[in-house]
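What follows is the content of entry-v6.cif, which has mmCIF, C-alpha atoms and all ligand atoms:
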```
data_start
loop_
_atom_site.label_atom_id
_atom_site.label_comp_id
_atom_site.auth_asym_id
_atom_site.auth_seq_id
_atom_site.Cartn_x
_atom_site.Cartn_y
_atom_site.Cartn_z
CA MET T 140 124.82 106.45 89.46
CA MET T 141 127.60 104.02 90.07
CA GLY T 142 130.64 106.26 89.33
CA LYS T 143 131.77 107.12 85.84
CA LYS T 144 131.88 103.86 83.93
CA ARG T 145 133.01 103.83 80.32
CA ILE T 146 131.13 101.62 77.91
CA LEU T 147 132.36 100.78 74.44
CA ILE T 148 129.35 100.46 72.13
CA CYS T 149 130.06 98.39 69.02
CA VAL T 150 127.45 99.06 66.37
CA THR T 151 127.04 96.69 63.42
CA ALA T 152 124.73 96.81 60.40
CA GLY T 153 121.43 95.37 61.63
CA ILE T 154 118.18 97.12 60.85
CA ALA T 155 117.52 97.52 64.61
CA ILE T 156 120.35 100.07 64.65
CA TYR T 157 117.77 102.86 65.12
CA LYS T 158 116.87 101.39 68.55
CA VAL T 159 120.52 101.58 69.58
CA VAL T 160 120.36 105.37 69.25
CA ASP T 161 117.79 105.20 72.06
CA VAL T 162 120.06 102.87 74.08
CA VAL T 163 122.91 105.37 73.69
CA SER T 164 120.70 108.28 74.73
CA ARG T 165 119.47 106.43 77.83
CA LEU T 166 123.03 105.47 78.85
CA VAL T 167 124.20 109.08 78.54
CA LYS T 168 121.29 110.27 80.71
CA LYS T 169 122.31 107.72 83.35
CA GLY T 170 125.79 109.20 83.49
CA TYR T 171 127.79 106.55 81.64
CA GLU T 172 130.70 107.67 79.46
CA LEU T 173 130.60 106.19 75.99
CA GLU T 174 132.91 105.49 73.11
CA ILE T 175 131.47 104.06 69.91
CA ILE T 176 132.80 101.99 67.04
CA MET T 177 130.66 101.48 63.93
CA THR T 178 131.37 99.01 61.16
CA GLU T 179 131.54 100.44 57.67
CA ALA T 180 128.26 98.67 56.85
CA ALA T 181 126.59 100.24 59.90
CA THR T 182 127.49 103.74 58.68
CA LYS T 183 125.47 103.00 55.55
CA LEU T 184 122.34 102.60 57.68
CA ILE T 185 122.84 105.55 60.07
CA SER T 186 125.28 108.43 59.99
CA PRO T 187 128.00 108.34 62.69
CA LEU T 188 127.00 111.93 63.41
CA VAL T 189 123.74 110.70 64.98
CA PHE T 190 125.66 108.50 67.44
CA GLU T 191 128.30 111.17 68.04
CA THR T 192 125.60 113.69 68.97
CA MET T 193 123.40 111.38 71.06
CA GLY T 194 126.38 109.66 72.71
CA ASN T 195 128.25 112.89 73.31
CA CYS T 196 131.38 110.95 72.43
CA LEU T 197 133.89 109.87 69.82
CA VAL T 198 132.63 107.57 67.09
CA HIS T 199 135.34 105.53 65.35
CA THR T 200 134.76 103.94 61.99
CA ASP T 201 138.11 103.54 60.31
CA MET T 202 140.96 101.19 61.22
CA PHE T 203 143.58 103.17 59.31
CA HIS T 204 142.71 106.71 60.27
CA ASN T 205 143.74 107.40 63.82
CA GLY T 206 143.04 111.12 64.11
CA HIS T 207 146.69 112.18 63.79
CA HIS T 208 147.89 110.91 67.16
CA TYR T 209 150.45 108.26 67.93
CA GLU T 210 148.25 105.68 69.75
CA VAL T 211 147.39 102.36 68.13
CA GLU T 212 143.69 103.04 68.20
CA HIS T 213 142.15 99.56 68.52
CA ILE T 214 144.50 98.73 71.40
CA GLU T 215 143.85 101.99 73.27
CA ILE T 216 140.06 101.83 72.84
CA ALA T 217 140.12 98.25 74.19
CA LYS T 218 142.06 99.38 77.27
CA ARG T 219 139.78 102.34 78.08
CA ALA T 220 136.45 100.46 78.32
CA ASP T 221 134.96 99.02 81.53
CA LEU T 222 132.37 97.09 79.54
CA CYS T 223 131.55 96.47 75.90
CA LEU T 224 128.10 96.24 74.31
CA ILE T 225 127.66 94.99 70.75
CA ALA T 226 124.27 96.25 69.54
CA PRO T 227 122.81 95.38 67.22
CA ALA T 228 125.02 92.35 66.73
CA THR T 229 124.83 91.00 63.18
CA ALA T 230 125.26 87.36 62.19
CA ASN T 231 128.31 88.48 60.22
CA THR T 232 130.13 90.14 63.14
CA ILE T 233 129.20 87.29 65.51
CA ALA T 234 130.71 84.84 62.98
CA LYS T 235 133.89 86.90 62.75
CA LEU T 236 134.26 87.14 66.54
CA ALA T 237 133.68 83.42 66.96
CA ASN T 238 136.55 82.78 64.56
CA GLY T 239 138.96 85.45 65.73
CA VAL T 240 138.73 87.46 62.52
CA ALA T 241 140.08 91.00 62.88
CA ASP T 242 139.43 92.66 59.54
CA ASN T 243 138.02 95.99 60.73
CA LEU T 244 138.38 98.38 63.67
CA LEU T 245 135.49 96.78 65.60
CA THR T 246 136.65 93.17 65.36
CA SER T 247 140.31 94.11 65.90
CA THR T 248 139.45 96.08 69.03
CA LEU T 249 137.37 93.22 70.42
CA LEU T 250 140.21 90.78 69.83
CA ALA T 251 142.41 93.01 71.98
CA TYR T 252 139.70 93.60 74.60
CA THR T 253 139.84 91.58 77.82
CA LYS T 254 136.82 92.61 79.95
CA ASP T 255 133.14 91.58 79.70
CA THR T 256 131.05 91.96 76.56
CA PHE T 257 127.26 92.02 76.17
CA VAL T 258 125.91 90.95 72.78
CA ALA T 259 122.44 92.22 71.83
CA ILE T 260 121.68 89.94 68.93
CA ALA T 261 119.16 90.93 66.25
CA MET T 262 118.40 89.36 62.88
CA ASN T 263 115.85 87.57 60.74
CA THR T 264 114.55 84.36 62.38
CA ASN T 265 116.07 82.06 59.75
CA MET T 266 119.47 83.73 60.11
CA LEU T 267 119.18 83.33 63.88
CA ASN T 268 118.24 79.65 63.66
CA ASN T 269 120.82 78.86 61.00
CA ILE T 270 123.18 76.24 62.41
CA ALA T 271 126.16 78.44 61.52
CA THR T 272 124.82 81.27 63.72
CA VAL T 273 123.76 78.85 66.48
CA ASN T 274 127.28 77.37 66.55
CA ASN T 275 128.95 80.80 66.54
CA VAL T 276 126.73 82.02 69.39
CA ASN T 277 127.59 78.90 71.40
CA ILE T 278 131.31 79.44 70.83
CA LEU T 279 131.05 83.02 72.12
CA LYS T 280 128.88 81.98 75.09
CA LYS T 281 131.53 79.41 76.07
CA ARG T 282 134.10 82.19 75.89
CA GLY T 283 132.07 84.23 78.38
CA PHE T 284 130.24 86.68 76.08
CA LYS T 285 126.92 87.61 77.72
CA PHE T 286 124.04 87.44 75.25
CA ILE T 287 121.03 89.71 75.63
CA ASN T 288 118.44 87.50 73.94
CA SER T 289 116.35 88.79 71.09
CA ASN T 290 112.56 88.96 71.48
CA VAL T 291 109.78 87.33 69.48
CA GLY T 292 107.76 89.86 67.48
CA TYR T 293 107.29 91.55 64.12
CA LEU T 294 110.54 91.88 62.20
CA ALA T 295 111.61 94.42 59.60
CA CYS T 296 111.49 91.66 56.96
CA ASN T 297 107.70 91.51 57.41
CA THR T 298 107.71 88.23 59.29
CA TYR T 299 106.80 87.32 62.84
CA GLY T 300 109.30 85.39 64.94
CA ASP T 301 112.40 85.48 67.11
CA GLY T 302 115.12 87.99 66.24
CA ARG T 303 113.87 91.42 67.35
CA LEU T 304 116.48 93.37 69.24
CA ALA T 305 115.69 93.49 72.98
CA GLU T 306 113.99 96.76 73.93
CA PRO T 307 116.40 99.63 74.76
CA ILE T 308 115.16 99.72 78.36
CA GLU T 309 115.95 95.98 78.76
CA ILE T 310 119.47 96.48 77.39
CA VAL T 311 120.11 99.43 79.71
CA GLU T 312 118.78 97.46 82.69
CA GLU T 313 121.23 94.64 81.92
CA ILE T 314 124.08 97.14 81.95
CA ASP T 315 122.90 98.79 85.17
CA ARG T 316 122.63 95.37 86.77
CA TYR T 317 126.18 94.56 85.73
CA PHE T 318 127.63 97.57 87.53
CA ILE T 319 125.46 97.52 90.65
CA LYS T 320 127.15 96.38 93.86
CA LYS T 321 126.08 92.83 94.75
CA ASP T 322 125.73 93.35 98.49
CA LEU T 323 122.62 91.20 99.02
CA ILE T 324 123.98 87.87 97.79
CA GLY T 325 122.82 85.09 100.13
CA LYS T 326 119.81 87.07 101.43
CA LYS T 327 116.23 86.01 100.77
CA VAL T 328 113.96 89.03 100.47
CA ILE T 329 110.16 88.84 100.27
CA VAL T 330 108.53 91.93 98.80
CA THR T 331 104.80 92.53 98.59
CA ALA T 332 103.34 94.94 96.06
CA GLY T 333 100.13 96.25 94.57
CA PRO T 334 96.59 96.28 95.91
CA THR T 335 94.47 93.45 97.21
CA ILE T 336 90.89 92.89 96.12
CA GLU T 337 87.93 91.97 98.29
CA ARG T 338 84.86 90.87 96.39
CA ILE T 339 81.39 92.19 97.16
CA ASP T 340 79.69 89.97 94.59
CA PRO T 341 80.84 88.19 91.38
CA VAL T 342 81.21 91.50 89.50
CA ARG T 343 81.99 94.14 92.15
CA TYR T 344 84.87 94.55 94.54
CA ILE T 345 86.73 96.79 96.98
CA THR T 346 90.31 97.74 96.11
CA ASN T 347 92.59 100.79 96.06
CA ASP T 348 94.77 102.88 93.75
CA SER T 349 98.06 101.04 94.32
CA SER T 350 99.88 100.37 91.02
CA GLY T 351 102.61 98.20 92.56
CA LYS T 352 105.36 100.53 91.30
CA MET T 353 107.10 100.94 94.67
CA GLY T 354 107.13 97.20 95.49
CA TYR T 355 108.22 96.21 92.00
CA ALA T 356 111.07 98.75 92.15
CA ILE T 357 112.22 97.27 95.48
CA ALA T 358 112.02 93.70 94.15
CA GLU T 359 113.97 94.63 91.02
CA SER T 360 116.66 96.49 92.96
CA ALA T 361 117.03 93.68 95.52
CA TYR T 362 117.41 91.21 92.66
CA ASN T 363 119.98 93.46 90.96
CA ARG T 364 121.92 93.56 94.22
CA GLY T 365 122.13 89.78 94.31
CA ALA T 366 119.26 88.79 96.63
CA GLU T 367 116.95 85.83 96.11
CA VAL T 368 113.66 87.69 95.67
CA VAL T 369 110.06 86.57 96.08
CA LEU T 370 107.52 89.13 94.91
CA VAL T 371 103.99 88.61 96.21
CA SER T 372 101.88 90.82 94.01
CA GLY T 373 98.29 91.94 93.84
CA PRO T 374 96.90 92.73 90.37
CA SER T 375 99.38 94.96 88.52
CA LYS T 376 100.24 95.69 84.89
CA LEU T 377 103.97 95.86 85.63
CA ASN T 378 106.62 93.43 84.38
CA ILE T 379 109.39 91.97 86.50
CA SER T 380 112.71 90.26 85.76
CA GLU T 381 112.51 86.54 85.05
CA GLY T 382 114.88 85.68 87.89
CA ILE T 383 112.39 86.93 90.49
CA LYS T 384 109.85 84.41 91.83
CA LYS T 385 106.48 86.11 91.40
CA ILE T 386 103.40 84.91 93.25
CA ASP T 387 100.10 86.46 92.10
CA ILE T 388 97.43 87.02 94.73
CA THR T 389 94.15 88.89 94.95
CA THR T 390 92.79 88.77 98.51
CA ASN T 391 94.34 89.60 101.89
CA ASN T 392 94.10 85.96 102.87
CA GLU T 393 96.07 84.88 99.82
CA LEU T 394 98.64 87.59 100.56
CA LYS T 395 99.15 86.27 104.08
CA LYS T 396 99.32 82.62 103.00
CA SER T 397 101.83 83.33 100.24
CA ILE T 398 104.14 85.20 102.60
CA GLU T 399 103.77 82.45 105.20
CA ASN T 400 104.89 79.82 102.67
CA GLU T 401 108.11 81.75 102.02
CA PHE T 402 108.76 83.27 105.46
CA ASN T 403 110.60 80.39 107.12
CA ASN T 404 113.97 80.83 105.42
CA ALA T 405 113.55 84.52 104.56
CA ASP T 406 115.88 87.21 105.91
CA VAL T 407 113.80 90.25 105.07
CA LEU T 408 110.11 91.06 104.52
CA ILE T 409 109.25 94.37 102.88
CA MET T 410 105.50 95.02 102.84
CA ALA T 411 104.95 97.58 100.12
CA ALA T 412 101.54 96.20 99.14
CA ALA T 413 98.42 98.16 99.92
CA PRO T 414 96.09 95.50 101.34
CA CYS T 415 92.41 96.29 101.83
CA ASP T 416 91.75 97.10 105.46
CA PHE T 417 88.15 95.89 105.20
CA ARG T 418 86.07 93.25 103.44
CA VAL T 419 82.33 92.77 103.28
CA LYS T 420 81.00 90.56 106.04
CA GLU T 421 79.00 88.48 103.64
CA GLN T 422 80.14 88.19 100.06
CA SER T 423 77.17 87.64 97.76
CA LYS T 424 77.35 84.59 95.50
CA GLU T 425 74.92 86.20 93.06
CA LYS T 426 75.22 89.64 91.50
CA ILE T 427 73.40 92.06 93.79
CA LYS T 428 70.40 93.38 91.87
CA ARG T 429 69.79 97.08 91.40
CA LYS T 430 67.02 98.42 93.67
CA GLU T 431 65.54 101.84 94.37
CA GLU T 432 66.34 101.79 98.12
CA ASN T 433 69.82 102.22 99.67
CA LEU T 434 72.11 99.25 99.91
CA LEU T 435 74.01 98.82 103.17
CA LEU T 436 77.19 96.77 103.11
CA GLU T 437 78.63 95.71 106.44
CA LEU T 438 82.43 95.88 106.34
CA ILE T 439 84.58 93.95 108.76
CA PRO T 440 88.31 94.53 109.38
CA ASN T 441 90.83 92.35 107.60
CA GLU T 442 93.68 90.82 109.55
CA ASP T 443 96.65 93.18 109.97
CA ILE T 444 99.25 91.19 108.02
CA LEU T 445 102.19 93.49 108.80
CA SER T 446 101.45 93.17 112.49
CA TYR T 447 101.11 89.37 112.22
CA PHE T 448 104.56 88.95 110.66
CA GLY T 449 106.09 91.67 112.87
CA LYS T 450 105.09 89.67 115.94
CA ILE T 451 106.62 86.39 114.67
CA LYS T 452 109.61 87.90 112.86
CA GLY T 453 112.37 86.58 115.11
CA LYS T 454 115.71 87.69 113.66
CA ARG T 455 114.21 88.71 110.34
CA LEU T 456 114.11 92.34 109.30
CA VAL T 457 110.55 93.53 108.69
CA ILE T 458 109.87 96.79 106.91
CA GLY T 459 106.38 98.23 106.50
CA PHE T 460 104.92 101.15 104.61
CA ALA T 461 102.56 103.79 105.91
CA ALA T 462 100.56 105.81 103.40
CA GLU T 463 99.09 108.60 105.50
CA SER T 464 97.18 111.76 104.73
CA ASN T 465 97.66 113.36 108.17
CA ASN T 466 99.86 113.09 111.31
CA LEU T 467 102.44 111.18 109.28
CA ILE T 468 105.19 110.81 111.87
CA GLU T 469 102.93 110.23 114.84
CA ASN T 470 100.92 107.52 113.07
CA SER T 471 104.03 105.87 111.65
CA LYS T 472 105.76 105.75 115.04
CA ARG T 473 102.68 104.14 116.52
CA LYS T 474 102.69 101.53 113.74
CA LEU T 475 106.38 100.87 114.31
CA GLU T 476 105.79 100.05 117.94
CA ASN T 477 102.41 98.30 117.81
CA LYS T 478 103.37 96.05 114.94
CA ASN T 479 106.92 95.32 116.13
CA VAL T 480 108.55 96.18 112.80
CA ASP T 481 112.08 97.51 112.27
CA TYR T 482 111.34 100.37 109.88
CA ILE T 483 108.31 102.19 108.59
CA ILE T 484 108.60 103.91 105.22
CA ALA T 485 106.15 106.75 105.58
CA ASN T 486 104.75 108.83 102.78
CA ASN T 487 102.18 111.54 102.77
CA ILE T 488 99.86 110.57 99.91
CA THR T 489 98.49 114.09 99.64
CA GLU T 490 101.89 115.42 98.53
CA LYS T 491 102.46 116.05 94.82
CA ASP T 492 104.43 113.31 92.98
CA ALA T 493 104.39 110.96 95.99
CA GLY T 494 102.36 107.86 96.70
CA PHE T 495 100.08 105.88 94.39
CA ASN T 496 100.54 105.43 90.65
CA VAL T 497 103.48 107.79 90.04
CA ASP T 498 107.15 107.04 89.32
CA THR T 499 108.45 109.17 92.17
CA ASN T 500 108.07 109.11 95.92
CA LYS T 501 108.98 111.30 98.87
CA VAL T 502 109.37 109.27 102.03
CA LYS T 503 110.61 109.35 105.57
CA ILE T 504 112.37 106.25 106.88
CA ILE T 505 111.32 105.91 110.49
CA SER T 506 113.00 103.62 113.02
CA LYS T 507 113.12 103.53 116.82
CA ASP T 508 116.21 105.72 116.84
CA GLU T 509 115.88 108.11 113.93
CA ILE T 510 113.89 109.66 111.13
CA ILE T 511 115.59 109.93 107.74
CA ASP T 512 113.83 112.51 105.58
CA LEU T 513 114.50 111.74 101.91
CA PRO T 514 113.89 114.27 99.10
CA LEU T 515 111.62 113.56 96.12
CA MET T 516 113.24 110.66 94.25
CA LEU T 517 112.50 108.08 91.58
CA LYS T 518 110.92 104.99 93.15
CA SER T 519 113.97 103.00 91.98
CA GLU T 520 116.20 105.36 94.01
CA VAL T 521 113.93 105.11 97.05
CA ALA T 522 114.11 101.33 96.64
CA ASN T 523 117.89 101.38 96.93
CA LYS T 524 117.77 103.62 100.01
CA ILE T 525 115.42 101.11 101.64
CA LEU T 526 117.65 98.18 100.67
CA ASP T 527 120.65 99.99 102.17
CA LEU T 528 118.92 99.40 105.55
CA ILE T 529 119.57 95.65 105.14
C1 LIG O 1 118.52 96.93 55.35
C2 LIG O 1 119.39 95.85 55.91
C3 LIG O 1 119.09 95.31 57.13
C4 LIG O 1 119.88 94.30 57.69
N1 LIG O 1 119.56 93.80 58.91
C5 LIG O 1 120.33 92.84 59.45
C6 LIG O 1 120.04 92.33 60.72
O1 LIG O 1 119.08 92.76 61.39
N2 LIG O 1 120.85 91.40 61.24
C7 LIG O 1 121.91 90.90 60.56
O2 LIG O 1 122.60 90.02 61.09
N3 LIG O 1 122.22 91.36 59.35
C8 LIG O 1 121.46 92.32 58.76
N4 LIG O 1 121.77 92.79 57.52
C9 LIG O 1 122.91 92.24 56.82
C10 LIG O 1 124.21 92.90 57.29
O3 LIG O 1 124.13 94.30 57.13
C11 LIG O 1 125.38 92.34 56.50
O4 LIG O 1 125.56 90.99 56.83
C12 LIG O 1 126.63 93.11 56.74
O5 LIG O 1 127.68 92.53 56.00
C13 LIG O 1 127.01 93.17 58.21
O6 LIG O 1 128.20 93.88 58.36
P1 LIG O 1 128.82 94.17 59.80
O7 LIG O 1 128.64 92.97 60.64
O8 LIG O 1 130.25 94.46 59.51
O9 LIG O 1 128.13 95.39 60.33
C14 LIG O 1 121.00 93.82 56.96
C15 LIG O 1 121.31 94.37 55.73
C16 LIG O 1 120.51 95.38 55.21
C17 LIG O 1 120.86 95.96 53.87
#
```
Starting from the file, lay out its structure as structure tokens.
Amino acid sequence: MMGKKRILICVTAGIAIYKVVDVVSRLVKKGYELEIIMTEAATKLISPLVFETMGNCLVHTDMFHNGHHYEVEHIEIAKRADLCLIAPATANTIAKLANGVADNLLTSTLLAYTKDTFVAIAMNTNMLNNIATVNNVNILKKRGFKFINSNVGYLACNTYGDGRLAEPIEIVEEIDRYFIKKDLIGKKVIVTAGPTIERIDPVRYITNDSSGKMGYAIAESAYNRGAEVVLVSGPSKLNISEGIKKIDITTNNELKKSIENEFNNADVLIMAAAPCDFRVKEQSKEKIKRKEENLLLELIPNEDILSYFGKIKGKRLVIGFAAESNNLIENSKRKLENKNVDYIIANNITEKDAGFNVDTNKVKIISKDEIIDLPLMLKSEVANKILDLI
């Protein structure tokens, strides 16, 4: 992770408080140091002991009990934090912060706190849309508070609407993004991901096992590091940050055209998609009927898209992937040369926990001059190693 960063978690009395236990647990696993303040009302919903145990940290609840030491607690807590997260953030606490009220340890600390604050808002839809809340949120936004928007969904009050706390994973991603070095600002990165599909007839097709996980991880990391990102994606169930331009494609032809449309002012192309190498020579317009005799399909090679862009890359950096089941290095080196690309990320798909449809990968980064052999890592970690090449 990004060094030991200390996050002050301010917990107020919203019913989504149980999800914040998960946020705390995830942040601890990622190596953040935490300190927690709960309002008195919040302690009526969940015991501070739960947060103390999951956060592996001090939980403060009382303004006038400072643990028998001489520090003025709300001032010292404010100084120690690198970032503050208010989650869940109630309408009540938001109103107090907007008006500079400091009537408990949480609001007093935040009045003395000078760095950035994320606010994960959560409440009933009517409370959220109430003009008082809307005005208070706007005041805090103008003051630089960063709101993590609530989601639309089923609420604890048995209604459906806006006001659900963002999912723990979304909140943690926001925090990760905040601390990540922004070394790709000003770079345009095109990433391809997922499989392509080549139709045989209206109901049948050729494709492969690619889930898109590697490409999506690269796109997300590049975005987090400040790049302008275009993700050209074959069919995939994965979600991607709103700030990333996503272009959905199915066939090899569409993949090539979509890259071509973005290539002119791009700095980097990372081809993590798994395009089909072949398509049927003649796609049937009608569903091919079942027969007793064998059916022969003539397959013809698809255009080699990596090679096409490698040849016209100019000053751009082009990185390709090689999923191999044998002669990994030899085949990858040949690809590197024949296709005129700068790096090949080679993985042996027969290895356990590497390749298609898993969250981890074990790759070698191959360039003209060297081979970097990386250990088994999360795809998000591999993504950052690849982006370090830029
Ligand atoms: C079961 C329960 C659930 C609540 N959920 C929310 C909520 O999701 N959002 C909210 O703004 N207030 C909610 N409230 C109201 C707050 O708890 C109340 O306004 C309280 O005064 C907030 O105090 P605090 O901001 O100091 O934590 C809830 C109250 C109860 C009893």
Quiz item: Mind listing the residues within 9 Å of ligand LIG 1 (chain O), only C-alpha atoms and all ligand atoms counted, as a PyMOL selection string?
Solution: chain T and resi 150-156+177-184+227-235+243+245-246+260-263+266-267+294-296+302-304
Quiz item: Which residue out of T:Met410, T:Leu236, T:Cys196, T:Leu173 has the minimum interatomic distance to Leu279 (chain T) when all atoms listed in the file are used?
Solution: T:Leu236
Self-check item: Selection near Glu393 (chain T), 10 Å with only C-alpha atoms, sequence-local residues under 6 positions removed, as JSON, numbers by chain
Solution: {"T": [335, 371, 373, 386, 387, 399]}
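Comparing the minimum interatomic distances between Val167 (chain T) and each of T:Thr192, T:Asn523, T:Ser423, T:Ser380, counting all atoms listed in the file, we find that T:Thr192 sits nearest.
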Self-check item: From T:Asp498, T:Asp406, T:Asn238, T:Glu425, residue lying nearest Ala271 (chain T) [all atoms listed in the file]
Solution: T:Asn238
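One distance worth recording is that between CA of Asn479 (chain T) and CA of Lys395 (chain T), which is 17.0 Å.
Considering the residues T:Ala361, T:Ile458, T:Ala332, T:Ala241 and counting only C-alpha atoms, Leu377 (chain T) has its shortest atom-to-atom contact with T:Ala332.
Considering the residues T:Pro374, T:Gly354, T:Pro514, T:Gly170 and counting all atoms listed in the file, Phe460 (chain T) has its shortest atom-to-atom contact with T:Gly354.
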Quiz item: Which polymer residues have any atom within 12 Å of an atom of Asn500 (chain T), counting all atoms listed in the file, with same-chain residues fewer than 2 positions away left out, as a ChimeraX atom specification?
Solution: /T:352-354,356,462,484-498,502-503,512-522,524
Exercise. In the coordinates of the file, take the point (74.9, 94.7, 106.1) and a cut-off of 10 Å; then, counting all atoms listed in the file, name each qualifying protein, DNA or RNA residue as a ChimeraX atom specification.
Key: /T:419-421,434-438
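CA of Lys478 (chain T) is found 24.5 Å from CA of Ile345 (chain T).
Proximity ranking of T:Ser349, T:Val160, T:Glu476, T:Pro341 relative to Ile427 (chain T) places T:Pro341 first, based on all atoms listed in the file.
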Quiz item: How far is it from CA of Asp315 (chain T) to CA of Arg145 (chain T), in Å with one decimal?
Solution: 12.3 Å
